[in-house]
>>> print(open('start_14.pdb').read())   # PDB, C-alpha atoms
ATOM      1  CA  MET A   1     -20.594 -53.376  29.138
ATOM      2  CA  SER A   2     -20.710 -56.271  26.656
ATOM      3  CA  SER A   3     -20.098 -59.830  27.875
ATOM      4  CA  TYR A   4     -16.880 -59.970  25.860
ATOM      5  CA  ALA A   5     -15.588 -56.769  27.485
ATOM      6  CA  ARG A   6     -16.550 -58.041  30.928
ATOM      7  CA  GLY A   7     -14.691 -61.296  30.305
ATOM      8  CA  LEU A   8     -11.676 -59.360  29.068
ATOM      9  CA  ARG A   9     -11.696 -57.174  32.182
ATOM     10  CA  ASP A  10     -12.097 -60.158  34.531
ATOM     11  CA  GLY A  11      -9.312 -62.017  32.713
ATOM     12  CA  LEU A  12      -6.711 -59.242  32.987
ATOM     13  CA  PRO A  13      -5.384 -60.294  36.437
ATOM     14  CA  PHE A  14      -4.481 -63.674  34.911
ATOM     15  CA  LEU A  15      -1.684 -61.868  33.077
ATOM     16  CA  LEU A  16       0.146 -61.864  36.414
ATOM     17  CA  MET A  17       0.293 -65.654  36.366
ATOM     18  CA  VAL A  18       0.418 -66.308  32.633
ATOM     19  CA  LEU A  19       3.346 -63.985  31.867
ATOM     20  CA  PRO A  20       5.880 -65.304  34.429
ATOM     21  CA  PHE A  21       4.797 -68.912  33.866
ATOM     22  CA  GLY A  22       5.030 -68.594  30.065
ATOM     23  CA  MET A  23       8.393 -66.856  30.245
ATOM     24  CA  LEU A  24       9.661 -69.588  32.540
ATOM     25  CA  PHE A  25       8.611 -72.178  29.954
ATOM     26  CA  GLY A  26      10.443 -70.217  27.269
ATOM     27  CA  VAL A  27      13.621 -70.161  29.359
ATOM     28  CA  VAL A  28      13.462 -73.836  30.340
ATOM     29  CA  ALA A  29      12.711 -74.952  26.765
ATOM     30  CA  THR A  30      15.589 -72.975  25.254
ATOM     31  CA  GLU A  31      17.897 -74.322  27.945
ATOM     32  CA  ALA A  32      16.798 -77.828  26.924
ATOM     33  CA  GLY A  33      18.020 -77.006  23.413
ATOM     34  CA  LEU A  34      14.735 -76.144  21.657
ATOM     35  CA  SER A  35      14.849 -73.503  18.929
ATOM     36  CA  LEU A  36      12.686 -70.373  19.062
ATOM     37  CA  THR A  37      10.226 -71.872  16.548
ATOM     38  CA  GLU A  38      10.034 -75.154  18.426
ATOM     39  CA  THR A  39       9.504 -73.436  21.787
ATOM     40  CA  VAL A  40       6.731 -71.160  20.550
ATOM     41  CA  SER A  41       5.072 -73.959  18.537
ATOM     42  CA  PHE A  42       4.964 -76.002  21.728
ATOM     43  CA  SER A  43       2.957 -73.282  23.498
ATOM     44  CA  VAL A  44       0.674 -72.582  20.515
ATOM     45  CA  VAL A  45      -0.118 -76.225  19.717
ATOM     46  CA  VAL A  46      -0.419 -77.603  23.255
ATOM     47  CA  ILE A  47      -1.438 -74.479  25.235
ATOM     48  CA  ALA A  48      -1.268 -76.189  28.652
ATOM     49  CA  GLY A  49       1.459 -75.060  31.035
ATOM     50  CA  ALA A  50       1.736 -77.957  33.450
ATOM     51  CA  ALA A  51       1.605 -80.593  30.687
ATOM     52  CA  GLN A  52       4.265 -78.722  28.684
ATOM     53  CA  PHE A  53       6.644 -78.646  31.656
ATOM     54  CA  THR A  54       6.006 -82.338  32.301
ATOM     55  CA  ALA A  55       6.693 -83.315  28.682
ATOM     56  CA  LEU A  56       9.813 -81.177  28.525
ATOM     57  CA  SER A  57      11.363 -82.563  31.696
ATOM     58  CA  LEU A  58      10.629 -86.165  30.649
ATOM     59  CA  MET A  59      12.161 -85.574  27.203
ATOM     60  CA  ASN A  60      15.203 -84.118  28.924
ATOM     61  CA  GLU A  61      15.520 -87.383  30.846
ATOM     62  CA  HIS A  62      15.201 -89.279  27.538
ATOM     63  CA  ALA A  63      12.011 -91.075  28.585
ATOM     64  CA  PRO A  64      10.368 -93.124  25.775
ATOM     65  CA  THR A  65       8.047 -91.007  23.611
ATOM     66  CA  ALA A  66       4.986 -93.055  24.644
ATOM     67  CA  VAL A  67       5.754 -92.388  28.331
ATOM     68  CA  VAL A  68       6.207 -88.663  27.660
ATOM     69  CA  LEU A  69       2.843 -88.486  25.884
ATOM     70  CA  ALA A  70       0.985 -90.614  28.453
ATOM     71  CA  SER A  71       2.334 -88.627  31.420
ATOM     72  CA  ALA A  72       1.657 -85.222  29.903
ATOM     73  CA  LEU A  73      -1.844 -86.267  28.820
ATOM     74  CA  ALA A  74      -2.539 -87.610  32.323
ATOM     75  CA  VAL A  75      -1.678 -84.153  33.652
ATOM     76  CA  ASN A  76      -4.272 -82.811  31.197
ATOM     77  CA  LEU A  77      -7.032 -85.335  32.044
ATOM     78  CA  ARG A  78      -8.751 -82.641  34.109
ATOM     79  CA  MET A  79      -9.500 -80.835  30.808
ATOM     80  CA  ALA A  80     -12.026 -83.570  29.968
ATOM     81  CA  MET A  81     -13.766 -82.844  33.272
ATOM     82  CA  TYR A  82     -13.769 -79.119  32.456
ATOM     83  CA  SER A  83     -15.215 -79.925  29.038
ATOM     84  CA  ALA A  84     -18.043 -81.945  30.616
ATOM     85  CA  SER A  85     -18.670 -79.275  33.211
ATOM     86  CA  LEU A  86     -18.985 -76.519  30.573
ATOM     87  CA  THR A  87     -21.253 -78.573  28.293
ATOM     88  CA  PRO A  88     -24.523 -77.582  30.056
ATOM     89  CA  HIS A  89     -23.519 -73.909  29.588
ATOM     90  CA  LEU A  90     -21.864 -73.834  26.166
ATOM     91  CA  GLY A  91     -22.968 -77.075  24.481
ATOM     92  CA  ALA A  92     -25.582 -75.264  22.389
ATOM     93  CA  THR A  93     -23.093 -72.954  20.648
ATOM     94  CA  PRO A  94     -22.240 -73.638  16.970
ATOM     95  CA  LEU A  95     -19.689 -76.392  16.340
ATOM     96  CA  TRP A  96     -16.926 -73.999  15.226
ATOM     97  CA  GLN A  97     -17.307 -72.056  18.480
ATOM     98  CA  ARG A  98     -17.208 -75.263  20.507
ATOM     99  CA  ALA A  99     -13.988 -76.208  18.713
ATOM    100  CA  LEU A 100     -12.456 -72.795  19.510
ATOM    101  CA  ILE A 101     -13.672 -72.960  23.113
ATOM    102  CA  SER A 102     -12.079 -76.401  23.437
ATOM    103  CA  TYR A 103      -8.778 -75.101  22.107
ATOM    104  CA  PHE A 104      -8.823 -72.185  24.580
ATOM    105  CA  LEU A 105      -9.999 -74.343  27.513
ATOM    106  CA  VAL A 106      -7.367 -73.967  30.234
ATOM    107  CA  ASP A 107      -7.545 -73.717  34.043
ATOM    108  CA  GLN A 108      -7.975 -69.942  33.992
ATOM    109  CA  THR A 109     -10.666 -69.711  31.311
ATOM    110  CA  TYR A 110     -12.559 -72.602  32.904
ATOM    111  CA  ALA A 111     -12.431 -71.312  36.480
ATOM    112  CA  GLY A 112     -13.239 -67.748  35.423
ATOM    113  CA  SER A 113     -16.244 -68.706  33.308
ATOM    114  CA  MET A 114     -17.687 -71.092  35.912
ATOM    115  CA  LEU A 115     -17.452 -68.320  38.495
ATOM    116  CA  GLU A 116     -19.351 -65.972  36.149
ATOM    117  CA  PHE A 117     -21.953 -68.519  34.952
ATOM    118  CA  GLU A 118     -22.823 -69.410  38.553
ATOM    119  CA  LYS A 119     -22.992 -65.759  39.568
ATOM    120  CA  ARG A 120     -25.189 -64.818  36.566
ATOM    121  CA  PRO A 121     -27.295 -67.851  35.631
ATOM    122  CA  ASN A 122     -29.469 -65.743  33.318
ATOM    123  CA  LEU A 123     -26.816 -65.072  30.675
ATOM    124  CA  SER A 124     -27.811 -66.213  27.184
ATOM    125  CA  ILE A 125     -25.750 -68.853  25.359
ATOM    126  CA  SER A 126     -24.096 -66.268  23.130
ATOM    127  CA  GLU A 127     -23.335 -64.014  26.111
ATOM    128  CA  LYS A 128     -21.709 -66.955  27.882
ATOM    129  CA  ALA A 129     -19.597 -67.750  24.805
ATOM    130  CA  ALA A 130     -18.621 -64.081  24.428
ATOM    131  CA  TYR A 131     -17.611 -63.945  28.096
ATOM    132  CA  PHE A 132     -15.475 -67.064  27.628
ATOM    133  CA  PHE A 133     -13.685 -65.570  24.602
ATOM    134  CA  GLY A 134     -13.225 -62.339  26.552
ATOM    135  CA  LEU A 135     -11.479 -64.277  29.306
ATOM    136  CA  ALA A 136      -9.348 -66.185  26.800
ATOM    137  CA  THR A 137      -8.045 -62.960  25.207
ATOM    138  CA  PRO A 138      -5.709 -61.893  28.052
ATOM    139  CA  VAL A 139      -4.811 -65.529  28.831
ATOM    140  CA  CYS A 140      -4.010 -67.444  25.642
ATOM    141  CA  PRO A 141      -2.263 -64.996  23.253
ATOM    142  CA  PRO A 142      -0.138 -63.669  26.178
ATOM    143  CA  TRP A 143       0.854 -67.283  26.848
ATOM    144  CA  TYR A 144       2.407 -67.507  23.355
ATOM    145  CA  PHE A 145       3.945 -64.056  23.690
ATOM    146  CA  ALA A 146       5.427 -64.792  27.131
ATOM    147  CA  THR A 147       6.930 -68.049  25.834
ATOM    148  CA  LEU A 148       8.550 -66.155  22.972
ATOM    149  CA  LEU A 149       9.842 -63.488  25.358
ATOM    150  CA  GLY A 150      11.261 -66.127  27.705
ATOM    151  CA  ALA A 151      12.954 -67.920  24.819
ATOM    152  CA  TRP A 152      14.495 -64.611  23.666
ATOM    153  CA  LEU A 153      15.650 -63.335  27.022
ATOM    154  CA  GLY A 154      16.745 -66.749  28.179
ATOM    155  CA  ALA A 155      18.382 -67.057  31.560
ATOM    156  CA  ALA A 156      18.343 -63.256  32.073
ATOM    157  CA  ILE A 157      14.988 -63.683  33.839
ATOM    158  CA  PRO A 158      15.185 -63.754  37.621
ATOM    159  CA  THR A 159      13.234 -66.635  39.147
ATOM    160  CA  GLU A 160      12.738 -65.053  42.554
ATOM    161  CA  LEU A 161      11.068 -66.454  45.593
ATOM    162  CA  GLY A 162       7.307 -66.539  45.371
ATOM    163  CA  LEU A 163       6.746 -66.471  41.612
ATOM    164  CA  ASP A 164       5.831 -70.157  41.647
ATOM    165  CA  PHE A 165       3.041 -69.295  44.043
ATOM    166  CA  ALA A 166       1.105 -67.092  41.574
ATOM    167  CA  VAL A 167      -0.848 -70.143  40.391
ATOM    168  CA  PRO A 168      -2.099 -71.396  43.805
ATOM    169  CA  VAL A 169      -2.938 -67.852  44.951
ATOM    170  CA  ALA A 170      -4.953 -67.078  41.820
ATOM    171  CA  PHE A 171      -6.940 -70.319  42.001
ATOM    172  CA  LEU A 172      -7.551 -70.013  45.747
ATOM    173  CA  ALA A 173      -8.905 -66.513  45.131
ATOM    174  CA  MET A 174     -11.346 -67.947  42.577
ATOM    175  CA  ILE A 175     -12.375 -71.041  44.535
ATOM    176  CA  ALA A 176     -13.157 -69.235  47.800
ATOM    177  CA  PRO A 177     -16.150 -67.260  46.433
ATOM    178  CA  MET A 178     -17.473 -70.426  44.728
ATOM    179  CA  LEU A 179     -18.009 -72.195  48.075
ATOM    180  CA  ARG A 180     -21.605 -71.004  48.392
ATOM    181  CA  THR A 181     -23.358 -74.096  49.744
ATOM    182  CA  PRO A 182     -22.396 -76.816  52.260
ATOM    183  CA  ALA A 183     -22.183 -79.275  49.346
ATOM    184  CA  HIS A 184     -19.602 -77.083  47.576
ATOM    185  CA  LYS A 185     -17.532 -76.971  50.775
ATOM    186  CA  VAL A 186     -17.744 -80.753  51.211
ATOM    187  CA  ALA A 187     -16.599 -81.217  47.593
ATOM    188  CA  ALA A 188     -13.612 -78.878  47.971
ATOM    189  CA  VAL A 189     -12.398 -80.289  51.303
ATOM    190  CA  THR A 190     -12.787 -83.907  50.137
ATOM    191  CA  ALA A 191     -10.969 -83.200  46.874
ATOM    192  CA  ALA A 192      -8.054 -81.467  48.615
ATOM    193  CA  CYS A 193      -7.690 -84.283  51.195
ATOM    194  CA  PHE A 194      -7.781 -87.055  48.595
ATOM    195  CA  ALA A 195      -5.354 -85.205  46.321
ATOM    196  CA  LEU A 196      -2.905 -84.908  49.234
ATOM    197  CA  GLY A 197      -3.440 -88.513  50.325
ATOM    198  CA  PHE A 198      -2.892 -89.828  46.792
ATOM    199  CA  ALA A 199      -0.113 -87.415  45.826
ATOM    200  CA  TRP A 200       2.288 -90.404  45.754
ATOM    201  CA  LEU A 201       0.547 -91.833  42.635
ATOM    202  CA  PRO A 202       2.595 -91.557  39.424
ATOM    203  CA  TYR A 203       1.664 -89.355  36.434
ATOM    204  CA  ASN A 204      -0.071 -86.795  38.663
ATOM    205  CA  LEU A 205      -3.009 -89.191  39.014
ATOM    206  CA  GLY A 206      -3.552 -88.011  42.603
ATOM    207  CA  LEU A 207      -5.189 -84.954  41.041
ATOM    208  CA  ILE A 208      -7.703 -87.109  39.192
ATOM    209  CA  VAL A 209      -8.436 -89.218  42.303
ATOM    210  CA  GLY A 210      -8.918 -86.001  44.297
ATOM    211  CA  GLY A 211     -11.119 -84.380  41.641
ATOM    212  CA  VAL A 212     -13.384 -87.395  41.151
ATOM    213  CA  SER A 213     -13.747 -87.993  44.930
ATOM    214  CA  GLY A 214     -14.616 -84.336  45.427
ATOM    215  CA  MET A 215     -17.289 -84.425  42.698
ATOM    216  CA  MET A 216     -18.826 -87.577  44.177
ATOM    217  CA  ALA A 217     -18.760 -86.129  47.688
ATOM    218  CA  GLY A 218     -20.373 -82.902  46.443
ATOM    219  CA  ALA A 219     -23.140 -84.779  44.608
ATOM    220  CA  ARG A 220     -23.827 -86.979  47.678
ATOM    221  CA  ALA A 221     -23.833 -83.969  49.995
ATOM    222  CA  GLU A 222     -26.276 -82.137  47.705
ATOM    223  CA  ILE A 223     -28.749 -85.043  47.920
ATOM    224  CA  TYR A 224     -28.275 -85.233  51.694
ATOM    225  CA  PHE A 225     -28.801 -81.516  52.327
ATOM    226  CA  GLU A 226     -31.790 -81.371  49.961
ATOM    227  CA  ALA A 227     -33.480 -84.254  51.765
ATOM    228  CA  ARG A 228     -32.811 -82.617  55.128
ATOM    229  CA  ARG A 229     -34.320 -79.329  53.980
ATOM    230  CA  LYS A 230     -37.536 -81.045  52.914
ATOM    231  CA  THR A 231     -38.136 -82.777  56.263
TER
ATOM    232  CA  MET B   1      19.750 -82.667  23.453
ATOM    233  CA  ILE B   2      16.252 -83.686  22.490
ATOM    234  CA  ASP B   3      15.939 -85.396  19.116
ATOM    235  CA  THR B   4      13.942 -83.305  16.603
ATOM    236  CA  THR B   5      11.656 -86.147  15.500
ATOM    237  CA  THR B   6      10.845 -87.027  19.125
ATOM    238  CA  LEU B   7      10.188 -83.381  19.919
ATOM    239  CA  TRP B   8       7.728 -82.861  17.059
ATOM    240  CA  THR B   9       6.027 -86.185  17.756
ATOM    241  CA  VAL B  10       5.481 -85.020  21.336
ATOM    242  CA  ILE B  11       4.363 -81.493  20.363
ATOM    243  CA  LEU B  12       1.842 -82.726  17.777
ATOM    244  CA  GLY B  13       0.734 -85.769  19.784
ATOM    245  CA  LEU B  14       0.269 -83.737  22.939
ATOM    246  CA  GLY B  15      -1.498 -80.980  21.007
ATOM    247  CA  PHE B  16      -3.911 -83.431  19.407
ATOM    248  CA  GLY B  17      -4.467 -85.381  22.630
ATOM    249  CA  SER B  18      -5.068 -82.259  24.707
ATOM    250  CA  PHE B  19      -7.535 -80.925  22.156
ATOM    251  CA  ALA B  20      -9.356 -84.274  22.134
ATOM    252  CA  LEU B  21      -9.667 -84.188  25.947
ATOM    253  CA  ARG B  22     -11.022 -80.629  25.822
ATOM    254  CA  PHE B  23     -13.410 -81.325  22.925
ATOM    255  CA  VAL B  24     -14.736 -84.727  24.003
ATOM    256  CA  PHE B  25     -17.817 -83.505  25.898
ATOM    257  CA  LEU B  26     -18.333 -79.998  24.515
ATOM    258  CA  GLY B  27     -17.992 -81.161  20.934
ATOM    259  CA  PHE B  28     -19.686 -84.531  20.884
ATOM    260  CA  ILE B  29     -22.485 -84.013  23.408
ATOM    261  CA  GLY B  30     -23.275 -80.455  22.379
ATOM    262  CA  ASN B  31     -26.755 -79.496  23.499
ATOM    263  CA  ARG B  32     -28.071 -83.018  24.060
ATOM    264  CA  ALA B  33     -29.498 -83.343  27.568
ATOM    265  CA  LEU B  34     -27.219 -84.942  30.151
ATOM    266  CA  PRO B  35     -28.672 -87.264  32.843
ATOM    267  CA  ALA B  36     -29.471 -85.620  36.198
ATOM    268  CA  TRP B  37     -26.930 -87.668  38.175
ATOM    269  CA  LEU B  38     -24.139 -86.569  35.834
ATOM    270  CA  LEU B  39     -25.170 -82.907  35.985
ATOM    271  CA  ARG B  40     -25.196 -83.180  39.764
ATOM    272  CA  HIS B  41     -21.561 -84.338  39.686
ATOM    273  CA  LEU B  42     -20.548 -81.731  37.113
ATOM    274  CA  ARG B  43     -21.832 -78.938  39.354
ATOM    275  CA  TYR B  44     -18.911 -79.760  41.661
ATOM    276  CA  THR B  45     -16.151 -80.146  39.052
ATOM    277  CA  ALA B  46     -14.680 -76.677  39.577
ATOM    278  CA  VAL B  47     -14.757 -76.772  43.381
ATOM    279  CA  ALA B  48     -13.248 -80.290  43.352
ATOM    280  CA  VAL B  49     -10.573 -80.298  40.620
ATOM    281  CA  LEU B  50      -9.087 -76.883  41.402
ATOM    282  CA  PRO B  51      -8.566 -77.569  45.142
ATOM    283  CA  ALA B  52      -7.107 -80.973  44.225
ATOM    284  CA  LEU B  53      -4.756 -79.182  41.826
ATOM    285  CA  ILE B  54      -3.472 -76.587  44.296
ATOM    286  CA  ALA B  55      -3.550 -78.389  47.671
ATOM    287  CA  PRO B  56      -0.177 -80.132  47.105
ATOM    288  CA  LEU B  57       1.309 -76.926  45.619
ATOM    289  CA  ILE B  58       0.350 -75.027  48.792
ATOM    290  CA  LEU B  59       1.498 -77.613  51.326
ATOM    291  CA  TRP B  60       4.566 -78.915  49.510
ATOM    292  CA  PRO B  61       5.904 -76.136  47.214
ATOM    293  CA  ALA B  62       8.586 -77.442  44.842
ATOM    294  CA  ALA B  63      10.450 -74.105  45.146
ATOM    295  CA  ASN B  64      11.031 -74.973  48.820
ATOM    296  CA  GLY B  65      12.156 -78.541  48.120
ATOM    297  CA  GLY B  66       8.659 -79.933  48.748
ATOM    298  CA  GLN B  67       8.642 -78.737  52.373
ATOM    299  CA  PRO B  68       5.883 -76.533  53.878
ATOM    300  CA  GLU B  69       6.942 -72.901  53.976
ATOM    301  CA  PRO B  70       5.433 -70.324  56.428
ATOM    302  CA  THR B  71       5.133 -67.342  54.033
ATOM    303  CA  ARG B  72       3.344 -69.412  51.401
ATOM    304  CA  LEU B  73       1.004 -70.945  54.000
ATOM    305  CA  VAL B  74       0.080 -67.516  55.391
ATOM    306  CA  ALA B  75      -0.375 -66.140  51.857
ATOM    307  CA  ALA B  76      -2.694 -69.049  51.024
ATOM    308  CA  ALA B  77      -4.724 -68.577  54.213
ATOM    309  CA  VAL B  78      -5.072 -64.819  53.642
ATOM    310  CA  THR B  79      -6.057 -65.281  49.977
ATOM    311  CA  PHE B  80      -8.682 -67.825  50.928
ATOM    312  CA  GLY B  81     -10.025 -65.790  53.853
ATOM    313  CA  VAL B  82     -10.371 -62.587  51.841
ATOM    314  CA  GLY B  83     -11.935 -64.451  48.905
ATOM    315  CA  TYR B  84     -14.378 -66.308  51.115
ATOM    316  CA  PHE B  85     -15.618 -63.356  53.129
ATOM    317  CA  THR B  86     -15.557 -60.580  50.493
ATOM    318  CA  LYS B  87     -16.375 -62.761  47.412
ATOM    319  CA  ASN B  88     -13.957 -60.409  45.640
ATOM    320  CA  VAL B  89     -11.463 -62.349  43.484
ATOM    321  CA  ILE B  90      -9.138 -59.407  42.808
ATOM    322  CA  ALA B  91      -9.012 -58.330  46.471
ATOM    323  CA  ALA B  92      -8.139 -61.922  47.409
ATOM    324  CA  MET B  93      -5.365 -62.209  44.786
ATOM    325  CA  VAL B  94      -3.853 -58.859  45.743
ATOM    326  CA  SER B  95      -3.904 -59.690  49.481
ATOM    327  CA  GLY B  96      -2.169 -63.013  48.855
ATOM    328  CA  ALA B  97       0.441 -61.386  46.605
ATOM    329  CA  LEU B  98       1.120 -58.676  49.217
ATOM    330  CA  VAL B  99       1.713 -61.309  51.906
ATOM    331  CA  LEU B 100       4.144 -63.130  49.593
ATOM    332  CA  ILE B 101       6.045 -59.938  48.763
ATOM    333  CA  ALA B 102       6.116 -58.786  52.419
ATOM    334  CA  GLY B 103       7.213 -62.248  53.560
ATOM    335  CA  GLY B 104       9.956 -62.302  50.945
ATOM    336  CA  TYR B 105      11.368 -58.984  52.198
ATOM    337  CA  LEU B 106      11.066 -59.771  55.901
ATOM    338  CA  LEU B 107      12.721 -63.165  55.698
ATOM    339  CA  ASN B 108      15.585 -62.235  53.382
TER
END
>>> encode(input="start_14.pdb", output="structure tokens")
Amino acid sequence: MSSYARGLRDGLPFLLMVLPFGMLFGVVATEAGLSLTETVSFSVVVIAGAAQFTALSLMNEHAPTAVVLASALAVNLRMAMYSASLTPHLGATPLWQRALISYFLVDQTYAGSMLEFEKRPNLSISEKAAYFFGLATPVCPPWYFATLLGAWLGAAIPTELGLDFAVPVAFLAMIAPMLRTPAHKVAAVTAACFALGFAWLPYNLGLIVGGVSGMMAGARAEIYFEARRKT
Amino acid sequence: MIDTTTLWTVILGLGFGSFALRFVFLGFIGNRALPAWLLRHLRYTAVAVLPALIAPLILWPAANGGQPEPTRLVAAAVTFGVGYFTKNVIAAMVSGALVLIAGGYLLN
């Protein structure tokens, strides 16, 4: 099986979170008065669910444009961390591929490719890139399509109990197998605790505090456990 | 109603800004070597940022008015447990989804 096909196969379950989430955005955006073109353009140009919802709700409250942009970009700050984290794996691909990878870099494609790259460290650069694009195929175009569908169907979509929980469940399922070493566990627990402790910060900055603390804790723990192994 | 100029300013500004955030390291660093201390931190990006992202969503779901909710907590615990012990992402997702669906039926 080619790396692209494997990525495509591994990305298929994401449809379960992308479709309802995208449709919800379509519904909410049309209810806020956006046209079909505007709604779909939003998803194609920005391609980041949480940031899109943030921007939309702030615009609905008539927040100043600068505040809307700053808040939504703060929600997306984690993308810069994803970009840095993928650089050792995909930094050697041609510039046009790096530009495409950047455009398609979302939580799902990042988490899925890190899981694969850590599981199979011997993949070549082009295999890694192909896997990434395979993952992006059932994630990104369906995001546009789901937005369009939501905008068309409008409020006819039932927003039942539990749908909101597709995102946490999917990410938990991906994080759990990544906790291979004590340092990984330290990083995850620290990050979760700090994110909860700093959840009161505005602009979703608690996420950034949590993420950075977790990375620092993981790096420290790695040094500590390495030193202990040597003695 | 949202003003059209504001809307397009936000769409294009957010699109450009998000792309810049995603491209900043991949695009500009490329295959230049990164210092060891930075690589050491980057190894933990996924296991740090993703838990930080979902921890508040699990404990304080907006759909339940920001209050902890038993079905969601059990679903999260089951998803994590299955994922941790089987290393199987799909099995973990399906188990969590089943708990959510079962919980939804039992409690309604």
>>> resolve_selection(input="start_14.pdb", expression="the PyMOL selection byres ((chain A and resi 154) around 10)", output="PyMOL selection string")
chain A and resi 23-31+148-153+155-157
>>> write_last_selection(input="start_14.pdb", atoms="C-alpha atoms", output="short mmCIF file (atom, residue, chain, number, x, y, z; two decimals), in the coordinates of the input")
data_model
loop_
_atom_site.label_atom_id
_atom_site.label_comp_id
_atom_site.auth_asym_id
_atom_site.auth_seq_id
_atom_site.Cartn_x
_atom_site.Cartn_y
_atom_site.Cartn_z
CA MET A 23 8.39 -66.86 30.24
CA LEU A 24 9.66 -69.59 32.54
CA PHE A 25 8.61 -72.18 29.95
CA GLY A 26 10.44 -70.22 27.27
CA VAL A 27 13.62 -70.16 29.36
CA VAL A 28 13.46 -73.84 30.34
CA ALA A 29 12.71 -74.95 26.76
CA THR A 30 15.59 -72.97 25.25
CA GLU A 31 17.90 -74.32 27.94
CA LEU A 148 8.55 -66.16 22.97
CA LEU A 149 9.84 -63.49 25.36
CA GLY A 150 11.26 -66.13 27.70
CA ALA A 151 12.95 -67.92 24.82
CA TRP A 152 14.50 -64.61 23.67
CA LEU A 153 15.65 -63.34 27.02
CA ALA A 155 18.38 -67.06 31.56
CA ALA A 156 18.34 -63.26 32.07
CA ILE A 157 14.99 -63.68 33.84
#
>>> resolve_selection(input="start_14.pdb", expression="the PyMOL selection byres ((chain A and resi 101) around 10)", output="list in words")
Ser83, Leu86, Leu90, Thr93, Leu95, Trp96, Gln97, Arg98, Ala99, Leu100, Ser102, Tyr103, Phe104, Leu105, Val106, Thr109, Tyr110, Ala129, Phe132, Phe133 and Ala136 of chain A; Arg22, Phe23, Leu26 and Gly27 of chain B
>>> residues_near_point(input="start_14.pdb", point="(-21.4, -81.2, 49.6)", cutoff="7 Å", atoms="all atoms listed in the file", output="MDAnalysis selection string")
chainID A and resid 182:187 217:222
>>> resolve_selection(input="start_14.pdb", expression="the ChimeraX specification (/A :<6) & /B", output="VMD selection string")
chain B and resid 1 11 15 19 21 to 23 25 to 27 30 to 31 40 to 42 44 to 45 47 to 49 51 to 56 79 to 80 83 to 84 87 89 92 to 93
>>> closest_residue(input="start_14.pdb", among="A:Leu58, A:Ser2, A:Leu135, A:Val40", to="Gly22 of chain A", atoms="all atoms listed in the file")
A:Val40
>>> atom_distance(input="start_14.pdb", atom1="atom CA of Gly104 of chain B", atom2="atom CA of Ala75 of chain B")
11.1 Å
>>> atom_distance(input="start_14.pdb", atom1="atom CA of Ala46 of chain B", atom2="atom CA of Phe85 of chain B")
19.0 Å
>>> atom_distance(input="start_14.pdb", atom1="atom CA of Lys119 of chain A", atom2="atom CA of Val78 of chain B")
22.8 Å
>>> closest_residue(input="start_14.pdb", among="A:Tyr4, A:Phe145, A:Phe198, A:Tyr203", to="Val67 of chain A", atoms="all atoms listed in the file")
A:Tyr203
>>> axis_aligned_box(input="start_14.pdb", around="segment 104-117 of chain A", padding_each_side="4 Å", output="lines of an AutoDock Vina configuration file")
center_x = -14.7
center_y = -70.2
center_z = 31.5
size_x = 22.6
size_y = 16.4
size_z = 21.9
>>> build_atoms(input="start_14.pdb", residues="segment 74-84 of chain A", atoms="N, CA and C atoms", output="CSV table (one decimal), in the coordinates of the input")
chain,number,residue,atom,x,y,z
A,74,ALA,N,-1.9,-87.4,31.0
A,74,ALA,CA,-2.5,-87.6,32.3
A,74,ALA,C,-2.7,-86.3,33.1
A,75,VAL,N,-1.6,-85.5,33.0
A,75,VAL,CA,-1.7,-84.2,33.7
A,75,VAL,C,-2.9,-83.4,33.1
A,76,ASN,N,-3.2,-83.6,31.8
A,76,ASN,CA,-4.3,-82.8,31.2
A,76,ASN,C,-5.6,-83.5,31.3
A,77,LEU,N,-5.7,-84.6,32.0
A,77,LEU,CA,-7.0,-85.3,32.0
A,77,LEU,C,-8.1,-84.4,32.6
A,78,ARG,N,-7.7,-83.5,33.5
A,78,ARG,CA,-8.8,-82.6,34.1
A,78,ARG,C,-9.5,-81.8,33.1
A,79,MET,N,-8.9,-81.6,31.9
A,79,MET,CA,-9.5,-80.8,30.8
A,79,MET,C,-10.8,-81.5,30.3
A,80,ALA,N,-10.8,-82.9,30.4
A,80,ALA,CA,-12.0,-83.6,30.0
A,80,ALA,C,-13.1,-83.3,31.0
A,81,MET,N,-12.8,-83.2,32.3
A,81,MET,CA,-13.8,-82.8,33.3
A,81,MET,C,-14.3,-81.4,33.1
A,82,TYR,N,-13.3,-80.5,32.7
A,82,TYR,CA,-13.8,-79.1,32.5
A,82,TYR,C,-14.7,-79.1,31.3
A,83,SER,N,-14.4,-79.9,30.2
A,83,SER,CA,-15.2,-79.9,29.0
A,83,SER,C,-16.6,-80.4,29.4
A,84,ALA,N,-16.7,-81.4,30.2
A,84,ALA,CA,-18.0,-81.9,30.6
A,84,ALA,C,-18.8,-80.9,31.4
